[in-house]
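Structure file start20.cif (mmCIF, C-alpha atoms and all ligand atoms) follows.
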data_final
loop_
_atom_site.group_PDB
_atom_site.id
_atom_site.type_symbol
_atom_site.label_atom_id
_atom_site.label_comp_id
_atom_site.auth_asym_id
_atom_site.auth_seq_id
_atom_site.Cartn_x
_atom_site.Cartn_y
_atom_site.Cartn_z
ATOM 1 C CA MET A 80 27.172 -38.485 0.807
ATOM 2 C CA GLU A 81 26.463 -41.844 -0.810
ATOM 3 C CA ILE A 82 22.978 -43.336 -0.671
ATOM 4 C CA ASP A 83 23.098 -46.251 1.752
ATOM 5 C CA GLY A 84 20.841 -48.230 4.070
ATOM 6 C CA ARG A 85 20.295 -45.209 6.341
ATOM 7 C CA THR A 86 19.351 -42.637 3.690
ATOM 8 C CA LYS A 87 16.179 -40.716 4.571
ATOM 9 C CA ILE A 88 13.820 -39.771 1.774
ATOM 10 C CA CYS A 89 11.729 -36.638 1.402
ATOM 11 C CA GLY A 90 9.786 -35.606 -1.657
ATOM 12 C CA LEU A 91 7.329 -33.347 -3.383
ATOM 13 C CA ILE A 92 3.823 -34.536 -4.175
ATOM 14 C CA GLY A 93 1.823 -32.628 -6.768
ATOM 15 C CA ASN A 94 0.714 -32.653 -10.364
ATOM 16 C CA PRO A 95 2.675 -31.525 -12.305
ATOM 17 C CA VAL A 96 6.029 -31.662 -10.505
ATOM 18 C CA GLU A 97 8.458 -31.566 -13.439
ATOM 19 C CA HIS A 98 9.484 -27.930 -13.091
ATOM 20 C CA THR A 99 10.102 -27.866 -9.361
ATOM 21 C CA LEU A 100 13.247 -26.275 -7.922
ATOM 22 C CA SER A 101 12.756 -27.910 -4.526
ATOM 23 C CA PRO A 102 15.141 -30.833 -5.217
ATOM 24 C CA MET A 103 17.864 -28.253 -5.852
ATOM 25 C CA ILE A 104 17.149 -26.571 -2.500
ATOM 26 C CA HIS A 105 16.989 -29.726 -0.393
ATOM 27 C CA ASN A 106 19.694 -31.825 -2.003
ATOM 28 C CA THR A 107 22.094 -28.861 -1.940
ATOM 29 C CA LEU A 108 21.400 -28.349 1.768
ATOM 30 C CA ALA A 109 21.754 -32.052 2.574
ATOM 31 C CA GLN A 110 25.095 -32.183 0.797
ATOM 32 C CA ARG A 111 26.330 -28.995 2.402
ATOM 33 C CA LEU A 112 25.246 -29.984 5.908
ATOM 34 C CA GLY A 113 26.285 -33.636 5.603
ATOM 35 C CA HIS A 114 22.807 -35.057 6.155
ATOM 36 C CA ASN A 115 22.064 -38.483 4.748
ATOM 37 C CA MET A 116 18.854 -37.366 3.028
ATOM 38 C CA ARG A 117 17.587 -37.168 -0.551
ATOM 39 C CA TYR A 118 14.645 -35.243 -1.987
ATOM 40 C CA VAL A 119 12.742 -36.406 -5.059
ATOM 41 C CA PRO A 120 9.703 -35.271 -7.103
ATOM 42 C CA LEU A 121 6.751 -37.655 -6.748
ATOM 43 C CA LEU A 122 3.969 -37.244 -9.316
ATOM 44 C CA VAL A 123 0.562 -38.083 -7.827
ATOM 45 C CA GLU A 124 -2.437 -38.668 -10.088
ATOM 46 C CA ARG A 125 -5.641 -36.777 -9.324
ATOM 47 C CA ASP A 126 -7.587 -39.428 -7.429
ATOM 48 C CA ARG A 127 -4.658 -41.027 -5.606
ATOM 49 C CA LEU A 128 -3.691 -38.462 -2.985
ATOM 50 C CA LYS A 129 -4.952 -40.439 -0.017
ATOM 51 C CA GLU A 130 -3.069 -43.546 -1.101
ATOM 52 C CA ALA A 131 0.031 -41.469 -1.799
ATOM 53 C CA VAL A 132 0.160 -39.984 1.723
ATOM 54 C CA ALA A 133 -0.565 -43.331 3.386
ATOM 55 C CA GLY A 134 2.006 -45.005 1.140
ATOM 56 C CA ALA A 135 4.650 -42.387 1.910
ATOM 57 C CA PHE A 136 4.105 -42.943 5.616
ATOM 58 C CA ALA A 137 4.255 -46.720 5.200
ATOM 59 C CA LEU A 138 7.516 -46.356 3.270
ATOM 60 C CA ASN A 139 8.995 -44.362 6.167
ATOM 61 C CA LEU A 140 9.381 -41.116 4.195
ATOM 62 C CA LEU A 141 10.664 -38.423 6.521
ATOM 63 C CA GLY A 142 8.623 -35.626 5.042
ATOM 64 C CA LEU A 143 6.792 -34.300 2.016
ATOM 65 C CA ASN A 144 6.202 -31.006 0.343
ATOM 66 C CA VAL A 145 2.818 -30.562 -1.264
ATOM 67 C CA THR A 146 2.127 -28.450 -4.310
ATOM 68 C CA VAL A 147 -0.709 -27.700 -6.719
ATOM 69 C CA PRO A 148 -3.417 -29.034 -6.775
ATOM 70 C CA TYR A 149 -3.246 -30.730 -3.357
ATOM 71 C CA LYS A 150 -2.445 -28.019 -0.808
ATOM 72 C CA SER A 151 -5.967 -27.942 0.615
ATOM 73 C CA GLU A 152 -7.070 -31.466 -0.194
ATOM 74 C CA VAL A 153 -4.116 -32.967 1.687
ATOM 75 C CA ILE A 154 -5.432 -31.646 5.020
ATOM 76 C CA ALA A 155 -7.975 -34.468 5.269
ATOM 77 C CA ASN A 156 -5.067 -36.938 5.264
ATOM 78 C CA LEU A 157 -3.100 -35.478 8.173
ATOM 79 C CA ARG A 158 -2.763 -36.599 11.769
ATOM 80 C CA GLU A 159 -2.237 -33.037 12.996
ATOM 81 C CA ILE A 160 -2.076 -29.510 11.608
ATOM 82 C CA ASP A 161 -0.185 -26.401 12.649
ATOM 83 C CA GLU A 162 -2.403 -23.456 13.624
ATOM 84 C CA LEU A 163 -1.269 -21.033 10.902
ATOM 85 C CA ALA A 164 -1.739 -23.712 8.228
ATOM 86 C CA GLN A 165 -5.170 -24.480 9.641
ATOM 87 C CA ASN A 166 -6.205 -20.834 9.449
ATOM 88 C CA ILE A 167 -4.859 -20.451 5.948
ATOM 89 C CA GLY A 168 -6.492 -23.686 4.870
ATOM 90 C CA ALA A 169 -3.427 -24.790 2.917
ATOM 91 C CA VAL A 170 -0.517 -27.069 3.735
ATOM 92 C CA ASN A 171 2.725 -27.325 1.783
ATOM 93 C CA THR A 172 4.864 -29.344 4.208
ATOM 94 C CA LEU A 173 4.248 -32.676 5.939
ATOM 95 C CA VAL A 174 6.436 -33.701 8.848
ATOM 96 C CA ARG A 175 6.528 -37.280 10.039
ATOM 97 C CA THR A 176 5.286 -37.989 13.575
ATOM 98 C CA THR A 177 4.874 -41.380 15.248
ATOM 99 C CA ASP A 178 1.387 -41.988 13.902
ATOM 100 C CA GLY A 179 1.021 -39.877 10.771
ATOM 101 C CA TYR A 180 2.065 -36.567 9.216
ATOM 102 C CA LYS A 181 1.697 -33.097 10.726
ATOM 103 C CA GLY A 182 0.948 -30.328 8.216
ATOM 104 C CA TYR A 183 2.561 -26.886 8.083
ATOM 105 C CA ASN A 184 2.416 -23.911 5.761
ATOM 106 C CA THR A 185 6.036 -22.939 5.238
ATOM 107 C CA ASP A 186 5.057 -20.842 2.183
ATOM 108 C CA MET A 187 3.823 -18.115 4.488
ATOM 109 C CA GLU A 188 6.537 -18.493 7.129
ATOM 110 C CA GLY A 189 8.922 -18.455 4.155
ATOM 111 C CA LEU A 190 7.490 -15.199 2.882
ATOM 112 C CA TYR A 191 7.840 -13.749 6.365
ATOM 113 C CA ARG A 192 11.460 -14.860 6.690
ATOM 114 C CA ALA A 193 12.232 -13.574 3.189
ATOM 115 C CA MET A 194 10.830 -10.189 4.104
ATOM 116 C CA THR A 195 12.664 -10.115 7.421
ATOM 117 C CA SER A 196 15.918 -10.982 5.655
ATOM 118 C CA GLU A 197 15.411 -7.943 3.387
ATOM 119 C CA GLY A 198 14.590 -5.706 6.359
ATOM 120 C CA ILE A 199 10.895 -5.452 5.438
ATOM 121 C CA ARG A 200 8.536 -5.190 8.408
ATOM 122 C CA ILE A 201 4.906 -6.328 8.650
ATOM 123 C CA GLY A 202 4.150 -5.599 12.328
ATOM 124 C CA GLY A 203 2.530 -2.188 12.733
ATOM 125 C CA GLU A 204 2.655 -1.493 8.980
ATOM 126 C CA GLN A 205 0.043 -0.296 6.512
ATOM 127 C CA ILE A 206 0.107 -2.707 3.598
ATOM 128 C CA ILE A 207 -1.415 -2.881 0.137
ATOM 129 C CA LEU A 208 -2.094 -6.441 -1.012
ATOM 130 C CA LEU A 209 -3.011 -7.119 -4.628
ATOM 131 C CA GLY A 210 -5.250 -10.123 -5.281
ATOM 132 C CA ALA A 211 -7.679 -12.313 -3.366
ATOM 133 C CA GLY A 212 -6.896 -15.787 -4.711
ATOM 134 C CA GLY A 213 -5.336 -18.642 -2.741
ATOM 135 C CA ALA A 214 -1.915 -17.007 -2.469
ATOM 136 C CA ALA A 215 -3.179 -13.526 -1.546
ATOM 137 C CA ARG A 216 -5.599 -14.953 0.992
ATOM 138 C CA ALA A 217 -2.702 -16.671 2.753
ATOM 139 C CA VAL A 218 -0.679 -13.450 2.682
ATOM 140 C CA ALA A 219 -3.611 -11.579 4.232
ATOM 141 C CA TYR A 220 -3.613 -14.083 7.109
ATOM 142 C CA LEU A 221 0.114 -13.795 7.510
ATOM 143 C CA CYS A 222 -0.042 -9.990 7.676
ATOM 144 C CA ALA A 223 -2.889 -10.118 10.176
ATOM 145 C CA VAL A 224 -1.163 -12.725 12.370
ATOM 146 C CA LYS A 225 2.121 -10.800 12.296
ATOM 147 C CA GLY A 226 0.407 -7.659 13.522
ATOM 148 C CA ALA A 227 -0.055 -5.476 10.436
ATOM 149 C CA ASP A 228 -1.935 -2.309 11.280
ATOM 150 C CA LYS A 229 -4.041 -2.325 8.107
ATOM 151 C CA VAL A 230 -4.122 -4.353 4.893
ATOM 152 C CA TYR A 231 -5.814 -2.739 1.905
ATOM 153 C CA MET A 232 -6.690 -5.814 -0.124
ATOM 154 C CA LEU A 233 -7.385 -4.952 -3.750
ATOM 155 C CA ASN A 234 -8.944 -7.336 -6.235
ATOM 156 C CA ARG A 235 -10.619 -7.268 -9.641
ATOM 157 C CA THR A 236 -13.635 -9.224 -8.368
ATOM 158 C CA TRP A 237 -15.500 -7.694 -5.440
ATOM 159 C CA ASP A 238 -17.247 -10.820 -4.119
ATOM 160 C CA LYS A 239 -13.982 -12.656 -3.651
ATOM 161 C CA VAL A 240 -12.098 -9.892 -1.870
ATOM 162 C CA GLN A 241 -15.075 -9.074 0.313
ATOM 163 C CA ALA A 242 -15.414 -12.714 1.383
ATOM 164 C CA VAL A 243 -11.684 -13.152 2.083
ATOM 165 C CA ALA A 244 -11.476 -9.940 4.104
ATOM 166 C CA ALA A 245 -14.507 -10.897 6.191
ATOM 167 C CA GLU A 246 -13.089 -14.350 6.821
ATOM 168 C CA VAL A 247 -9.636 -13.134 7.907
ATOM 169 C CA ASN A 248 -11.073 -10.369 10.099
ATOM 170 C CA ARG A 249 -13.380 -12.837 11.790
ATOM 171 C CA ALA A 250 -10.568 -15.311 12.438
ATOM 172 C CA ILE A 251 -8.206 -12.630 13.764
ATOM 173 C CA GLY A 252 -10.885 -10.804 15.747
ATOM 174 C CA ARG A 253 -10.149 -7.283 14.454
ATOM 175 C CA ASP A 254 -10.835 -5.301 11.287
ATOM 176 C CA VAL A 255 -7.366 -5.466 9.787
ATOM 177 C CA VAL A 256 -8.176 -6.310 6.155
ATOM 178 C CA MET A 257 -10.041 -3.676 4.168
ATOM 179 C CA PRO A 258 -11.469 -5.041 0.895
ATOM 180 C CA MET A 259 -11.386 -2.805 -2.196
ATOM 181 C CA LEU A 260 -11.596 -3.047 -5.943
ATOM 182 C CA LEU A 261 -8.354 -2.566 -7.908
ATOM 183 C CA LYS A 262 -9.786 0.454 -9.661
ATOM 184 C CA GLU A 263 -10.496 2.110 -6.297
ATOM 185 C CA TYR A 264 -6.814 2.328 -5.328
ATOM 186 C CA SER A 265 -6.925 6.126 -5.249
ATOM 187 C CA GLN A 266 -9.154 5.875 -2.162
ATOM 188 C CA ILE A 267 -6.270 4.449 -0.128
ATOM 189 C CA PRO A 268 -5.178 7.205 2.306
ATOM 190 C CA ALA A 269 -2.166 9.271 1.218
ATOM 191 C CA GLY A 270 1.192 7.876 2.314
ATOM 192 C CA LYS A 271 3.844 5.360 1.289
ATOM 193 C CA TYR A 272 3.090 1.660 1.578
ATOM 194 C CA LEU A 273 4.578 -1.791 1.423
ATOM 195 C CA ALA A 274 2.759 -3.421 -1.521
ATOM 196 C CA ILE A 275 2.625 -7.195 -1.946
ATOM 197 C CA GLN A 276 1.722 -8.460 -5.423
ATOM 198 C CA GLY A 277 -0.214 -11.689 -4.937
ATOM 199 C CA THR A 278 -2.014 -12.155 -8.279
ATOM 200 C CA SER A 279 -0.846 -14.316 -11.154
ATOM 201 C CA VAL A 280 -0.616 -11.289 -13.447
ATOM 202 C CA GLY A 281 2.852 -10.768 -14.925
ATOM 203 C CA LEU A 282 3.922 -14.390 -14.669
ATOM 204 C CA ALA A 283 6.056 -15.581 -17.609
ATOM 205 C CA PRO A 284 5.383 -15.639 -20.509
ATOM 206 C CA HIS A 285 3.027 -12.669 -19.949
ATOM 207 C CA VAL A 286 5.856 -10.490 -18.714
ATOM 208 C CA GLU A 287 4.399 -7.182 -19.925
ATOM 209 C CA ASP A 288 1.168 -7.616 -17.942
ATOM 210 C CA VAL A 289 0.660 -5.785 -14.670
ATOM 211 C CA VAL A 290 -2.370 -5.778 -12.422
ATOM 212 C CA ILE A 291 -2.494 -1.970 -12.090
ATOM 213 C CA ALA A 292 -0.988 -0.125 -15.045
ATOM 214 C CA GLU A 293 -1.543 3.439 -13.834
ATOM 215 C CA GLU A 294 1.614 5.293 -12.857
ATOM 216 C CA ALA A 295 -0.157 7.110 -9.997
ATOM 217 C CA PHE A 296 -0.517 3.858 -8.072
ATOM 218 C CA TYR A 297 3.253 3.320 -7.892
ATOM 219 C CA LYS A 298 3.786 6.673 -6.212
ATOM 220 C CA LYS A 299 2.154 5.112 -3.134
ATOM 221 C CA ILE A 300 4.751 2.343 -2.824
ATOM 222 C CA HIS A 301 8.002 2.470 -0.829
ATOM 223 C CA THR A 302 8.614 -1.281 -1.184
ATOM 224 C CA GLY A 303 7.097 -3.695 -3.683
ATOM 225 C CA PHE A 304 7.238 -7.437 -3.080
ATOM 226 C CA ASP A 305 6.064 -9.668 -5.922
ATOM 227 C CA LEU A 306 5.357 -13.313 -5.115
ATOM 228 C CA ILE A 307 6.308 -14.122 -8.716
ATOM 229 C CA TYR A 308 9.962 -14.989 -9.471
ATOM 230 C CA SER A 309 9.689 -15.801 -13.160
ATOM 231 C CA PRO A 310 10.476 -13.411 -14.814
ATOM 232 C CA TRP A 311 13.261 -12.259 -12.506
ATOM 233 C CA GLU A 312 11.921 -8.703 -12.639
ATOM 234 C CA THR A 313 8.175 -8.363 -13.191
ATOM 235 C CA LYS A 314 6.478 -5.323 -14.680
ATOM 236 C CA PHE A 315 5.126 -4.569 -11.183
ATOM 237 C CA MET A 316 8.700 -4.491 -9.869
ATOM 238 C CA LYS A 317 9.899 -2.341 -12.781
ATOM 239 C CA MET A 318 7.137 0.196 -12.246
ATOM 240 C CA THR A 319 7.762 0.267 -8.479
ATOM 241 C CA LYS A 320 11.455 0.967 -9.066
ATOM 242 C CA ALA A 321 10.710 3.585 -11.715
ATOM 243 C CA HIS A 322 8.881 5.569 -9.025
ATOM 244 C CA GLY A 323 11.702 5.340 -6.507
ATOM 245 C CA GLY A 324 10.611 2.264 -4.568
ATOM 246 C CA ARG A 325 12.591 -0.845 -3.691
ATOM 247 C CA ALA A 326 11.373 -4.071 -5.321
ATOM 248 C CA TYR A 327 11.838 -7.757 -4.584
ATOM 249 C CA ASN A 328 10.735 -10.910 -6.374
ATOM 250 C CA GLY A 329 9.442 -14.117 -4.786
ATOM 251 C CA LEU A 330 12.605 -16.210 -5.067
ATOM 252 C CA LYS A 331 13.582 -15.706 -1.425
ATOM 253 C CA MET A 332 10.097 -16.805 -0.431
ATOM 254 C CA LEU A 333 10.665 -19.999 -2.418
ATOM 255 C CA LEU A 334 14.075 -20.386 -0.797
ATOM 256 C CA TYR A 335 12.848 -19.934 2.769
ATOM 257 C CA GLN A 336 9.752 -22.099 2.425
ATOM 258 C CA GLY A 337 12.217 -24.841 1.506
ATOM 259 C CA ILE A 338 14.642 -24.000 4.280
ATOM 260 C CA ILE A 339 11.911 -24.033 6.928
ATOM 261 C CA ALA A 340 10.686 -27.423 5.659
ATOM 262 C CA TYR A 341 14.270 -28.704 5.750
ATOM 263 C CA GLU A 342 14.660 -27.452 9.320
ATOM 264 C CA LEU A 343 11.442 -29.168 10.388
ATOM 265 C CA TRP A 344 12.431 -32.482 8.819
ATOM 266 C CA ASN A 345 15.995 -32.555 10.083
ATOM 267 C CA ASN A 346 15.565 -30.747 13.380
ATOM 268 C CA VAL A 347 18.292 -28.215 12.592
ATOM 269 C CA THR A 348 18.659 -24.481 12.058
ATOM 270 C CA VAL A 349 20.057 -23.497 8.665
ATOM 271 C CA SER A 350 22.479 -20.588 8.944
ATOM 272 C CA GLU A 351 22.075 -17.425 6.870
ATOM 273 C CA ALA A 352 25.369 -18.236 5.123
ATOM 274 C CA ASP A 353 24.032 -21.621 4.002
ATOM 275 C CA ALA A 354 20.711 -20.048 2.974
ATOM 276 C CA GLN A 355 22.626 -17.508 0.911
ATOM 277 C CA MET A 356 24.627 -20.242 -0.810
ATOM 278 C CA VAL A 357 21.417 -22.017 -1.887
ATOM 279 C CA TYR A 358 19.942 -18.677 -2.964
ATOM 280 C CA GLU A 359 22.907 -17.994 -5.257
ATOM 281 C CA LYS A 360 22.412 -21.380 -6.868
ATOM 282 C CA LEU A 361 18.684 -20.752 -7.445
ATOM 283 C CA LYS A 362 19.400 -17.280 -8.738
ATOM 284 C CA ALA A 363 21.983 -18.550 -11.225
ATOM 285 C CA HIS A 364 19.370 -20.952 -12.535
ATOM 286 C CA PHE A 365 16.952 -18.072 -13.125
ATOM 287 C CA THR A 366 19.240 -15.443 -14.451
ATOM 288 C CA LEU A 367 20.665 -17.973 -16.915
ATOM 289 C CA ALA A 368 17.167 -19.007 -18.001
ATOM 290 C CA ASP A 369 15.832 -15.434 -18.398
HETATM 291 P P1 LIG A 401 -3.433 -18.319 -6.732
HETATM 292 O O1 LIG A 401 -3.736 -19.601 -6.027
HETATM 293 O O2 LIG A 401 -2.114 -18.287 -7.453
HETATM 294 O O3 LIG A 401 -3.637 -17.137 -5.868
HETATM 295 P P2 LIG A 401 -6.030 -17.914 -7.917
HETATM 296 O O4 LIG A 401 -6.652 -18.401 -6.663
HETATM 297 O O5 LIG A 401 -6.567 -18.380 -9.215
HETATM 298 O O6 LIG A 401 -4.482 -18.240 -7.948
HETATM 299 O O7 LIG A 401 -6.074 -16.291 -7.860
HETATM 300 C C1 LIG A 401 -5.610 -15.494 -8.906
HETATM 301 C C2 LIG A 401 -5.657 -14.023 -8.487
HETATM 302 O O8 LIG A 401 -5.163 -13.244 -9.578
HETATM 303 C C3 LIG A 401 -7.044 -13.499 -8.183
HETATM 304 O O9 LIG A 401 -6.965 -12.459 -7.237
HETATM 305 C C4 LIG A 401 -7.476 -12.949 -9.546
HETATM 306 O O10 LIG A 401 -8.481 -11.964 -9.503
HETATM 307 P P3 LIG A 401 -10.052 -12.371 -9.531
HETATM 308 O O11 LIG A 401 -10.390 -12.785 -8.133
HETATM 309 O O12 LIG A 401 -10.737 -11.134 -9.946
HETATM 310 O O13 LIG A 401 -10.185 -13.484 -10.526
HETATM 311 C C5 LIG A 401 -6.189 -12.332 -10.006
HETATM 312 N N1 LIG A 401 -6.142 -12.146 -11.455
HETATM 313 C C6 LIG A 401 -5.904 -13.097 -12.382
HETATM 314 N N2 LIG A 401 -5.922 -12.557 -13.612
HETATM 315 C C7 LIG A 401 -6.177 -11.234 -13.443
HETATM 316 C C8 LIG A 401 -6.291 -10.121 -14.326
HETATM 317 N N3 LIG A 401 -6.135 -10.263 -15.654
HETATM 318 N N4 LIG A 401 -6.537 -8.905 -13.795
HETATM 319 C C9 LIG A 401 -6.692 -8.740 -12.470
HETATM 320 N N5 LIG A 401 -6.576 -9.747 -11.582
HETATM 321 C C10 LIG A 401 -6.329 -10.973 -12.054
#
Encoded form (structure tokens):
Amino acid sequence: MEIDGRTKICGLIGNPVEHTLSPMIHNTLAQRLGHNMRYVPLLVERDRLKEAVAGAFALNLLGLNVTVPYKSEVIANLREIDELAQNIGAVNTLVRTTDGYKGYNTDMEGLYRAMTSEGIRIGGEQIILLGAGGAARAVAYLCAVKGADKVYMLNRTWDKVQAVAAEVNRAIGRDVVMPMLLKEYSQIPAGKYLAIQGTSVGLAPHVEDVVIAEEAFYKKIHTGFDLIYSPWETKFMKMTKAHGGRAYNGLKMLLYQGIIAYELWNNVTVSEADAQMVYEKLKAHFTLAD
């Protein structure tokens, strides 16, 4: 569809924004679904976030995605915030309302939809979660909110994991997250677990790195989900598969965080067939680049 006087604009604010795949997701969907919308990267300098959000609203932008380093800082500039995003303390999607933007965290809803689409359950499950940084903390909330039975949260640094576990348990009102050190993994009760890899270890170009290198750990995993999608197959995924588990990368999480944002902005439901079409396009980009 041609750009004309009725074209709606959405964009990504962050710094840097050059490597984003979000324009591919949103512009492909808009074209496919016949929506008169375009999505563009919008670089925002460090001290200009407030102006950027106010300016976007003044320019009638329909919505924004927010990436590093503004996912928490942007909250102070919102009119309203969704409850999950509030609990997580991070917002990646802004939806226009009459008097300002409402913030959502579609990263976590995206992870949930990605898992559901692969047949992976969280409700009632015993889960191992690696890491206690911003991403892992959000995953811990997601698991708790979606009814996980127990989350063994393993991190290199004790203070961080202990603080995150206490915070999530307090917010949820039950002891769902159990903090542990990475090296204590053998204390996790015997059984097979869903393991979510939420650290930055293994991210390209450090593709041979893995947060736990011991083979014994991977015997505990029936399904491994890495939030990383570059490389296509991380060392964590390779080791999970080598011990008979299924393994998934984070590309579907990226896909669905975008799809949920698109749905919020355009007030539509994107079909699984359309989601799959966008996924194939993203995947081609990665497998060609690898
Ligand atoms: P993000 O926002 O991507 O989660 P982050 O907040 O910097 O990034 O968190 C990075 C996570 O990766 C942390 O859990 C970190 O462990 P520490 O809390 O001990 O720092 C983990 N991490 C990074 N490098 C690591 C390494 N070499 N070994 C083990 N864990 C590592």
### Message
Taking the file as I've supplied it (selection: the PyMOL selection byres (((not hetatm)) within 8 of (chain A and resi 401))), which residues are included? Please answer as a list in words.
### Response
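Residues picked by the PyMOL selection byres (((not hetatm)) within 8 of (chain A and resi 401)): Leu209, Gly210, Ala211, Gly212, Gly213, Ala214, Ala215, Arg216, Asn234, Arg235, Thr236, Trp237, Lys239, Val240, Leu261, Gly277, Thr278, Ser279, Val280, Val289, Val290 and Ile291 of chain A.
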### Query
In terms of the shortest atom-to-atom distance over only C-alpha atoms, which of A:Ala137, A:Ala269, A:Val147, A:His114 is closest to Pro95 (chain A)?
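With only C-alpha atoms as the atom set, the closest residue is A:Val147.
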#### Entry: One-decimal distance in Å that lies between CA of Leu100 (chain A) and CA of Tyr180 (chain A)
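Spanning CA of Tyr180 (chain A) to CA of Leu100 (chain A) is a straight-line distance of 22.9 Å.
Among A:Ala352, A:Val153, A:Leu143, A:Val255, the residue with the shortest atom-to-atom distance to Val174 (chain A), counting only C-alpha atoms, is A:Leu143.
Each of A:Leu141, A:Ala217, A:Leu91, A:Leu122 was checked against Leu343 (chain A) using all atoms listed in the file; the smallest atom-to-atom distance is that of A:Leu141.
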All file atoms of region 207-220 of chain A boxed axis-aligned, 5 Å per side, centre plus edges, as lines of an AutoDock Vina configuration file:
center_x = -4.2
center_y = -10.8
center_z = 0.9
size_x = 17.0
size_y = 25.8
size_z = 22.4
### Query
How would you write, as a list in words, the residues chosen by the PyMOL selection byres (((chain A and resi 337) around 10) and not hetatm) on this structure?
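After applying the PyMOL selection byres (((chain A and resi 337) around 10) and not hetatm), what remains is Leu100, Ser101, Pro102, Met103, Ile104, His105, Leu108, Asn144, Asn171, Thr172, Thr185, Asp186, Gly189, Lys331, Met332, Leu333, Leu334, Tyr335, Gln336, Ile338, Ile339, Ala340, Tyr341, Glu342, Leu343 and Ala354 of chain A.
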### Message
Calculated over only C-alpha atoms, which of the candidates A:Gln165, A:Thr319, A:Asn248, A:Gln205 has the smallest distance to Pro268 (chain A)?
### Response
A:Gln205
Your completed region 271-276 of chain A with all heavy atoms, as a short mmCIF file (atom, residue, chain, number, x, y, z; two decimals), keeping the file's coordinate frame:
data_model
loop_
_atom_site.label_atom_id
_atom_site.label_comp_id
_atom_site.auth_asym_id
_atom_site.auth_seq_id
_atom_site.Cartn_x
_atom_site.Cartn_y
_atom_site.Cartn_z
N LYS A 271 3.02 6.33 2.02
CA LYS A 271 3.84 5.36 1.29
C LYS A 271 3.64 3.99 1.93
O LYS A 271 3.67 3.87 3.15
CB LYS A 271 5.32 5.75 1.38
CG LYS A 271 5.66 6.98 0.56
CD LYS A 271 5.90 6.60 -0.89
CE LYS A 271 6.56 7.75 -1.65
NZ LYS A 271 6.75 7.42 -3.07
N TYR A 272 3.48 2.99 1.10
CA TYR A 272 3.09 1.66 1.58
C TYR A 272 4.05 0.56 1.12
O TYR A 272 4.69 0.68 0.06
CB TYR A 272 1.71 1.31 1.03
CG TYR A 272 0.59 2.16 1.58
CD1 TYR A 272 0.34 3.43 1.05
CD2 TYR A 272 -0.19 1.71 2.63
CE1 TYR A 272 -0.68 4.23 1.56
CE2 TYR A 272 -1.22 2.50 3.14
CZ TYR A 272 -1.46 3.75 2.60
OH TYR A 272 -2.46 4.52 3.11
N LEU A 273 4.05 -0.52 1.91
CA LEU A 273 4.58 -1.79 1.42
C LEU A 273 3.47 -2.40 0.58
O LEU A 273 2.33 -2.48 1.03
CB LEU A 273 4.89 -2.71 2.62
CG LEU A 273 5.05 -4.21 2.33
CD1 LEU A 273 6.27 -4.46 1.44
CD2 LEU A 273 5.19 -5.00 3.64
N ALA A 274 3.78 -2.80 -0.67
CA ALA A 274 2.76 -3.42 -1.52
C ALA A 274 3.20 -4.84 -1.87
O ALA A 274 4.33 -5.06 -2.32
CB ALA A 274 2.56 -2.61 -2.79
N ILE A 275 2.32 -5.79 -1.64
CA ILE A 275 2.62 -7.20 -1.95
C ILE A 275 1.76 -7.61 -3.13
O ILE A 275 0.53 -7.46 -3.10
CB ILE A 275 2.36 -8.10 -0.72
CG1 ILE A 275 3.19 -7.61 0.48
CG2 ILE A 275 2.70 -9.56 -1.06
CD1 ILE A 275 2.85 -8.30 1.80
N GLN A 276 2.41 -8.08 -4.19
CA GLN A 276 1.72 -8.46 -5.42
C GLN A 276 1.42 -9.96 -5.36
O GLN A 276 2.32 -10.78 -5.50
CB GLN A 276 2.63 -8.11 -6.60
CG GLN A 276 1.98 -7.95 -7.95
CD GLN A 276 1.21 -9.15 -8.47
OE1 GLN A 276 -0.05 -9.19 -8.42
NE2 GLN A 276 1.92 -10.14 -8.94
#
